[in-house]
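Written below as C-alpha cells is the structure these notes are about.
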Amino acid sequence: MALVVRGAIKDYDWGIIDGLATWSGEITGGPQAELWFGVHPGGPSPLLDPGGAETGEHLGDRFDIEAIPLLVKLLAAAKPLSVQIHPDADTARAGWAAQQAPGAPRPYNDPFEKTEMLVALSDFQALAGWRDTDQAIAILSGVDGCQAMIDALRAGDLAQAIRHGLQASTSPAIAQIPGACAAAGLSDDQCQAYALITREYPNDAGALITVLLQYVHLLPGQAIYVPAGIPHSYICGTGLEVMTSSDNVLRLGLTGKSVFVDQAIAALGPHQPQIIDAQLGDILWPVNAPFVVRVLPQGLEKLPAGAYRIVLSIQGSATVRTDFADIGLKPGTAAVMSAQDADAWVDADGLVAVVQATSPAR
Ligand SMILES: [Zn+2]
C-alpha cells in the first residue's frame, strides 16, 4: 500500500527566499534550500493521511534505509553551495568506523555512499568534475600567488593543486578571479558565475578551488549525474536531486560549515560527471546508476513491483493508481512504494518526478 509524504524543509543560507514555497506550502520570508523526501534521519518526511493532514508519524517510522534506499530532494539555490566531494561505499564505511574513536573528527553523517543526479527544473549552473587543465592554468595565470597551483596542475597532481589553492585563496587573489576568467576567454555566463562566487565568498579559502572545476549550464530537463568521488559545487537554480540515502558531504570551501580537507581529498575518485542532454519526459538512467528517473509532463507510466518507487508531484496534478485505491497528489507531496508493494501506475497532468531504485550493475 503506497504511503503519502510531504518534504522535510531545510533552510540553509544558500537557499532562495521562499524558493520552495510552491512545494512546502510555507511562506517564511527566509531562505528555503531543500525539501527531503526519504527516511534519512537528517530530514525524515512527515506522513500524510488521505485528507492531506500530517499523521504525526514519519516515513522513517515505517521503513528503514534497506526498504527506502534513495533520497529525493527539491533544491533551490540562490548562491553557490560548498565545494564538496561525496564518499563511495568503502570510503564511507571506513570513515564512519574511524570517527567512532573518542576525540576523532566527525566529518561523516552516516556510513553510506552518496551518489547523486541533479535534474534542472530551471536554468541551472554548476561546477562539477575537473576543468580542462590548460584552461585552468590560463585562468590561474591571471591571479596573483597561484604559481604553486599551476605547477601542481602541470604535474597532474590535482590533490596538491587543491592544497595550494586553499593557501592561495587570499582576498586580493579571489577578487582577481572574474577578470582572469574574462581574460582567459570564458563565456559571459561563466564569468558572471565566478562574479557571483567571489561576491558571496570574498574571503573563503575554497574560492580558487572552483577554478579547477568544469562549468556546466543546464536547461530544464537536462541533468548531471555525479557519482561519489567527484568534486562539485552547485551555483544557482532550482532542481530535482536524486541520490542514495546519505548525507555525507566532505567540504573543501565556500561554506561556513566545517571543512575536512584530508578526508575530502581521500574521497576523490577517478570519474568525471555525466552530463545528460535530455528533455522533460525523457528517461534518465546513467550507466551504473542505482536509480532511474523520469520527469513526466503528462501521460501514464507503470511502476512495477520489485523495487523502491517514489512519485513526486511538481506541477499540476498526478494520480497514483493501485489495486487498493487512487491516490491524488498535489505539488510537493509524494507517493512512496516499497519493493513489496504491488504494481502501480502514475497518471500525470502537469509535471511529476518518477524515481525507481535499480540494481547498479548492468
Ligand atoms: Zn553534492
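Letters for chains follow the order of the C-alpha cells (A, B, ...), residue numbers begin at 1 for each chain, and ligand numbers begin at 1 in the order shown.
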
Who sits within 10 Å of Ser233 (chain A), only C-alpha atoms, same chain under 3 positions skipped, as a PyMOL selection string: chain A and resi 80-85+125-129+210+213-215+236+251+253-254

Polymer residues at most 8 Å from Ser45 (chain A), only C-alpha atoms, same-chain spacing of 2 or more positions, as a PyMOL selection string: chain A and resi 5-8+36-39+43+47+58-60

I want to know what sits within 10 Å of Gly142 (chain A), based on only C-alpha atoms, with residues of the same chain fewer than 4 positions away left out; could you give that as an mmCIF file with all heavy atoms, in the first residue's frame?
```cif
data_model
loop_
_atom_site.group_PDB
_atom_site.id
_atom_site.type_symbol
_atom_site.label_atom_id
_atom_site.label_comp_id
_atom_site.auth_asym_id
_atom_site.auth_seq_id
_atom_site.Cartn_x
_atom_site.Cartn_y
_atom_site.Cartn_z
ATOM 1 N N ILE A 137 44.883 26.505 -16.082
ATOM 2 C CA ILE A 137 46.172 27.213 -15.968
ATOM 3 C C ILE A 137 46.058 28.617 -16.563
ATOM 4 O O ILE A 137 46.585 29.588 -16.001
ATOM 5 C CB ILE A 137 47.282 26.396 -16.664
ATOM 6 C CG1 ILE A 137 47.586 25.138 -15.848
ATOM 7 C CG2 ILE A 137 48.544 27.237 -16.862
ATOM 8 C CD1 ILE A 137 48.522 24.147 -16.524
ATOM 9 N N ALA A 138 45.340 28.748 -17.683
ATOM 10 C CA ALA A 138 45.176 30.074 -18.310
ATOM 11 C C ALA A 138 44.482 31.036 -17.344
ATOM 12 O O ALA A 138 44.866 32.209 -17.240
ATOM 13 C CB ALA A 138 44.369 29.935 -19.605
ATOM 14 N N CYS A 146 49.449 32.096 -7.592
ATOM 15 C CA CYS A 146 48.956 30.762 -7.967
ATOM 16 C C CYS A 146 50.015 29.876 -8.626
ATOM 17 O O CYS A 146 49.663 28.839 -9.199
ATOM 18 C CB CYS A 146 47.753 30.888 -8.895
ATOM 19 S SG CYS A 146 46.318 31.579 -8.057
ATOM 20 N N ALA A 173 43.543 37.909 -4.155
ATOM 21 C CA ALA A 173 43.573 36.925 -5.246
ATOM 22 C C ALA A 173 42.157 36.548 -5.669
ATOM 23 O O ALA A 173 41.850 36.469 -6.869
ATOM 24 C CB ALA A 173 44.337 35.675 -4.794
ATOM 25 N N GLN A 176 40.494 38.820 -8.037
ATOM 26 C CA GLN A 176 41.013 38.817 -9.416
ATOM 27 C C GLN A 176 40.402 37.719 -10.282
ATOM 28 O O GLN A 176 40.580 37.717 -11.505
ATOM 29 C CB GLN A 176 42.541 38.620 -9.385
ATOM 30 C CG GLN A 176 43.301 39.791 -8.784
ATOM 31 C CD GLN A 176 44.795 39.477 -8.630
ATOM 32 O OE1 GLN A 176 45.195 38.317 -8.501
ATOM 33 N NE2 GLN A 176 45.615 40.528 -8.645
ATOM 34 N N ILE A 177 39.663 36.777 -9.697
ATOM 35 C CA ILE A 177 39.206 35.599 -10.461
ATOM 36 C C ILE A 177 38.289 35.977 -11.634
ATOM 37 O O ILE A 177 38.526 35.528 -12.766
ATOM 38 C CB ILE A 177 38.530 34.561 -9.533
ATOM 39 C CG1 ILE A 177 39.557 33.984 -8.546
ATOM 40 C CG2 ILE A 177 37.896 33.435 -10.340
ATOM 41 C CD1 ILE A 177 38.962 33.056 -7.475
ATOM 42 N N PRO A 178 37.231 36.797 -11.431
ATOM 43 C CA PRO A 178 36.351 37.084 -12.585
ATOM 44 C C PRO A 178 37.096 37.731 -13.749
ATOM 45 O O PRO A 178 36.870 37.356 -14.918
ATOM 46 C CB PRO A 178 35.290 38.018 -11.996
ATOM 47 C CG PRO A 178 35.273 37.712 -10.533
ATOM 48 C CD PRO A 178 36.702 37.408 -10.189
ATOM 49 N N GLY A 179 37.995 38.675 -13.467
ATOM 50 C CA GLY A 179 38.771 39.314 -14.529
ATOM 51 C C GLY A 179 39.668 38.316 -15.232
ATOM 52 O O GLY A 179 39.816 38.350 -16.464
ATOM 53 N N ALA A 180 40.248 37.393 -14.463
ATOM 54 C CA ALA A 180 41.120 36.371 -15.056
ATOM 55 C C ALA A 180 40.324 35.426 -15.945
ATOM 56 O O ALA A 180 40.817 34.960 -16.975
ATOM 57 C CB ALA A 180 41.828 35.594 -13.950
ATOM 58 N N CYS A 181 39.075 35.162 -15.561
ATOM 59 C CA CYS A 181 38.210 34.306 -16.395
ATOM 60 C C CYS A 181 37.913 34.988 -17.728
ATOM 61 O O CYS A 181 37.954 34.349 -18.790
ATOM 62 C CB CYS A 181 36.897 34.011 -15.659
ATOM 63 S SG CYS A 181 37.091 32.889 -14.262
ATOM 64 N N ALA A 182 37.619 36.298 -17.667
ATOM 65 C CA ALA A 182 37.336 37.037 -18.907
ATOM 66 C C ALA A 182 38.579 37.063 -19.788
ATOM 67 O O ALA A 182 38.500 36.839 -21.002
ATOM 68 C CB ALA A 182 36.871 38.459 -18.571
ATOM 69 N N ALA A 183 39.744 37.299 -19.175
ATOM 70 C CA ALA A 183 40.994 37.364 -19.949
ATOM 71 C C ALA A 183 41.320 36.016 -20.582
ATOM 72 O O ALA A 183 41.937 35.951 -21.646
ATOM 73 C CB ALA A 183 42.139 37.816 -19.041
ATOM 74 N N ALA A 184 40.898 34.930 -19.940
ATOM 75 C CA ALA A 184 41.160 33.598 -20.489
ATOM 76 C C ALA A 184 40.133 33.200 -21.542
ATOM 77 O O ALA A 184 40.197 32.093 -22.087
ATOM 78 C CB ALA A 184 41.165 32.571 -19.353
#
```

Protein and nucleic acid residues within 12 Å of ligand 1 (only C-alpha atoms and all ligand atoms) as a ChimeraX atom specification: /A:73,75,80-87,113-118,126-129,224-235,241-244,246-251,273

Filtered DSSP result for region 71-173 of chain A, state strand (DSSP E or B), as a ChimeraX atom specification: /A:71-77,83-85,116-120,124-130

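The closest residue to Ile150 (chain A), picked from A:Leu208, A:Tyr194, A:Ala223, A:Ser245 and counting only C-alpha atoms, is A:Leu208.
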
Test item, helix (DSSP H, G or I) assignment across region 27-174 of chain A, answer as a count of residues only: 45

Residues within 7 Å of Val352 (chain A), only C-alpha atoms, excluding chain neighbours under 6 positions, as a VMD selection string: chain A and resid 295 to 297 311 to 315 318

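Considering only C-alpha atoms, the residue among A:Ile265, A:Asp343, A:Gly206, A:Gly42 positioned nearest to Gln160 (chain A) is A:Ile265.
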
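Atom pair CA of Pro105 (chain A) / CA of Gly256 (chain A): separated by 16.9 Å.
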
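Between Gly281 (chain A) and the candidates A:Leu186, A:Val119, A:Ser317, A:Gln340, the tightest atom-to-atom separation, counting only C-alpha atoms, involves A:Val119.
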
Residue neighbourhood Gln222 (chain A), 10 Å, only C-alpha atoms, exclusion window fewer than 4 positions, as a PDB file with N, CA and C atoms, in the first residue's frame:
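In the end it all went to around_17.pdb:
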```pdb
ATOM      1  N   LEU A 118      21.339  15.492 -10.488  1.00  0.00           N
ATOM      2  CA  LEU A 118      20.508  16.677 -10.423  1.00  0.00           C
ATOM      3  C   LEU A 118      19.826  16.884 -11.774  1.00  0.00           C
ATOM      4  N   VAL A 119      18.509  17.036 -11.754  1.00  0.00           N
ATOM      5  CA  VAL A 119      17.744  17.325 -12.965  1.00  0.00           C
ATOM      6  C   VAL A 119      17.286  18.779 -12.854  1.00  0.00           C
ATOM      7  N   ALA A 120      17.650  19.590 -13.828  1.00  0.00           N
ATOM      8  CA  ALA A 120      17.314  21.012 -13.769  1.00  0.00           C
ATOM      9  C   ALA A 120      15.812  21.214 -13.975  1.00  0.00           C
ATOM     10  N   LEU A 121      15.218  22.009 -13.103  1.00  0.00           N
ATOM     11  CA  LEU A 121      13.818  22.422 -13.282  1.00  0.00           C
ATOM     12  C   LEU A 121      13.748  23.871 -13.726  1.00  0.00           C
ATOM     13  N   SER A 122      14.866  24.598 -13.618  1.00  0.00           N
ATOM     14  CA  SER A 122      15.013  25.946 -14.165  1.00  0.00           C
ATOM     15  C   SER A 122      16.388  25.963 -14.830  1.00  0.00           C
ATOM     16  N   ASP A 123      16.793  27.097 -15.408  1.00  0.00           N
ATOM     17  CA  ASP A 123      18.192  27.267 -15.771  1.00  0.00           C
ATOM     18  C   ASP A 123      19.032  26.915 -14.548  1.00  0.00           C
ATOM     19  N   PHE A 124      20.036  26.092 -14.689  1.00  0.00           N
ATOM     20  CA  PHE A 124      20.794  25.659 -13.506  1.00  0.00           C
ATOM     21  C   PHE A 124      22.279  25.680 -13.850  1.00  0.00           C
ATOM     22  N   HIS A 217      26.177  24.321 -17.556  1.00  0.00           N
ATOM     23  CA  HIS A 217      24.947  25.122 -17.580  1.00  0.00           C
ATOM     24  C   HIS A 217      23.824  24.242 -18.135  1.00  0.00           C
ATOM     25  N   LEU A 218      22.862  23.926 -17.277  1.00  0.00           N
ATOM     26  CA  LEU A 218      21.770  23.024 -17.660  1.00  0.00           C
ATOM     27  C   LEU A 218      20.502  23.818 -17.946  1.00  0.00           C
ATOM     28  N   GLY A 239      16.179  22.624  -8.873  1.00  0.00           N
ATOM     29  CA  GLY A 239      16.301  21.303  -9.475  1.00  0.00           C
ATOM     30  C   GLY A 239      15.739  20.203  -8.605  1.00  0.00           C
ATOM     31  N   ILE A 275      27.059  14.413 -18.133  1.00  0.00           N
ATOM     32  CA  ILE A 275      26.096  15.474 -18.416  1.00  0.00           C
ATOM     33  C   ILE A 275      25.105  14.919 -19.433  1.00  0.00           C
ATOM     34  N   ILE A 276      23.820  14.973 -19.074  1.00  0.00           N
ATOM     35  CA  ILE A 276      22.802  14.292 -19.861  1.00  0.00           C
ATOM     36  C   ILE A 276      21.945  15.324 -20.568  1.00  0.00           C
ATOM     37  N   ASP A 277      22.089  15.354 -21.896  1.00  0.00           N
ATOM     38  CA  ASP A 277      21.326  16.314 -22.698  1.00  0.00           C
ATOM     39  C   ASP A 277      19.952  15.707 -22.971  1.00  0.00           C
ATOM     40  N   ALA A 278      18.976  16.082 -22.143  1.00  0.00           N
ATOM     41  CA  ALA A 278      17.647  15.466 -22.220  1.00  0.00           C
ATOM     42  C   ALA A 278      16.581  16.551 -22.155  1.00  0.00           C
ATOM     43  N   GLN A 279      15.353  16.102 -22.355  1.00  0.00           N
ATOM     44  CA  GLN A 279      14.213  16.995 -22.202  1.00  0.00           C
ATOM     45  C   GLN A 279      13.280  16.402 -21.164  1.00  0.00           C
ATOM     46  N   LEU A 280      12.420  17.264 -20.598  1.00  0.00           N
ATOM     47  CA  LEU A 280      11.427  16.773 -19.657  1.00  0.00           C
ATOM     48  C   LEU A 280      10.657  15.639 -20.319  1.00  0.00           C
ATOM     49  N   ASP A 282      12.011  12.584 -20.832  1.00  0.00           N
ATOM     50  CA  ASP A 282      12.973  11.540 -21.208  1.00  0.00           C
ATOM     51  C   ASP A 282      13.318  10.666 -19.997  1.00  0.00           C
ATOM     52  N   LEU A 284      15.924   9.045 -17.670  1.00  0.00           N
ATOM     53  CA  LEU A 284      17.307   9.357 -17.277  1.00  0.00           C
ATOM     54  C   LEU A 284      17.848   8.167 -16.498  1.00  0.00           C
TER      55      LEU A 284
END
```

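Between Ala155 (chain A) and the candidates A:Glu34, A:Thr133, A:Ile16, A:Pro304, the tightest atom-to-atom separation, counting only C-alpha atoms, involves A:Thr133.
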
Within 9 Å of region 257-262 of chain A, which residues of region 91-192 of chain A come that close, and what is the closest atom pair and distance in Å for each? Count only C-alpha atoms and give it as a tab-separated table.
```
residue	atom	partner	partner_atom	distance
A:Pro105	CA	A:Phe260	CA	8.8
A:Pro107	CA	A:Phe260	CA	6.7
A:Ile162	CA	A:Val261	CA	8.9
A:Arg163	CA	A:Val261	CA	8.1
```

All residues 8 Å or closer to Val320 (chain A), only C-alpha atoms, same chain fewer than 3 positions away omitted, as a ChimeraX atom specification: /A:311,326-329,335,344-347

Just N, CA, C and O atoms for this one: save the residues we selected as a PDB file, in the first residue's frame.
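Final file, out38.pdb:
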```pdb
ATOM      1  N   VAL A 311       6.937   8.755  -6.314  1.00  0.00           N
ATOM      2  CA  VAL A 311       6.320   9.619  -7.323  1.00  0.00           C
ATOM      3  C   VAL A 311       6.079  10.968  -6.658  1.00  0.00           C
ATOM      4  O   VAL A 311       5.317  11.061  -5.698  1.00  0.00           O
ATOM      5  N   ASP A 326      -7.026   4.952  -5.680  1.00  0.00           N
ATOM      6  CA  ASP A 326      -6.388   6.000  -6.467  1.00  0.00           C
ATOM      7  C   ASP A 326      -5.952   7.090  -5.492  1.00  0.00           C
ATOM      8  O   ASP A 326      -6.749   7.531  -4.653  1.00  0.00           O
ATOM      9  N   ILE A 327      -4.689   7.494  -5.598  1.00  0.00           N
ATOM     10  CA  ILE A 327      -4.149   8.496  -4.683  1.00  0.00           C
ATOM     11  C   ILE A 327      -3.857   9.760  -5.467  1.00  0.00           C
ATOM     12  O   ILE A 327      -3.029   9.754  -6.382  1.00  0.00           O
ATOM     13  N   GLY A 328      -4.524  10.854  -5.121  1.00  0.00           N
ATOM     14  CA  GLY A 328      -4.270  12.142  -5.780  1.00  0.00           C
ATOM     15  C   GLY A 328      -3.115  12.857  -5.085  1.00  0.00           C
ATOM     16  O   GLY A 328      -3.076  12.934  -3.863  1.00  0.00           O
ATOM     17  N   LEU A 329      -2.189  13.359  -5.890  1.00  0.00           N
ATOM     18  CA  LEU A 329      -1.046  14.083  -5.328  1.00  0.00           C
ATOM     19  C   LEU A 329      -1.087  15.531  -5.777  1.00  0.00           C
ATOM     20  O   LEU A 329      -1.285  15.811  -6.957  1.00  0.00           O
ATOM     21  N   ALA A 335       4.035   9.942  -3.368  1.00  0.00           N
ATOM     22  CA  ALA A 335       3.590   8.593  -3.008  1.00  0.00           C
ATOM     23  C   ALA A 335       4.811   7.680  -3.021  1.00  0.00           C
ATOM     24  O   ALA A 335       5.620   7.721  -3.945  1.00  0.00           O
ATOM     25  N   ALA A 344       1.914  -0.476  -9.710  1.00  0.00           N
ATOM     26  CA  ALA A 344       1.085   0.721  -9.665  1.00  0.00           C
ATOM     27  C   ALA A 344       1.288   1.486 -10.972  1.00  0.00           C
ATOM     28  O   ALA A 344       2.169   1.160 -11.764  1.00  0.00           O
ATOM     29  N   TRP A 345       0.459   2.481 -11.179  1.00  0.00           N
ATOM     30  CA  TRP A 345       0.581   3.335 -12.352  1.00  0.00           C
ATOM     31  C   TRP A 345       0.496   4.782 -11.895  1.00  0.00           C
ATOM     32  O   TRP A 345      -0.199   5.089 -10.917  1.00  0.00           O
ATOM     33  N   VAL A 346       1.194   5.665 -12.601  1.00  0.00           N
ATOM     34  CA  VAL A 346       1.018   7.093 -12.322  1.00  0.00           C
ATOM     35  C   VAL A 346       0.446   7.748 -13.568  1.00  0.00           C
ATOM     36  O   VAL A 346       0.861   7.468 -14.688  1.00  0.00           O
ATOM     37  N   ASP A 347      -0.539   8.593 -13.324  1.00  0.00           N
ATOM     38  CA  ASP A 347      -1.201   9.335 -14.392  1.00  0.00           C
ATOM     39  C   ASP A 347      -0.870  10.810 -14.153  1.00  0.00           C
ATOM     40  O   ASP A 347      -1.322  11.395 -13.170  1.00  0.00           O
TER      41      ASP A 347
END
```

Non-local contacts of Ala342 (chain A) (12 Å; only C-alpha atoms; under 6 positions in same chain excluded) as a PyMOL selection string: chain A and resi 1-2+302-309+321-325+336
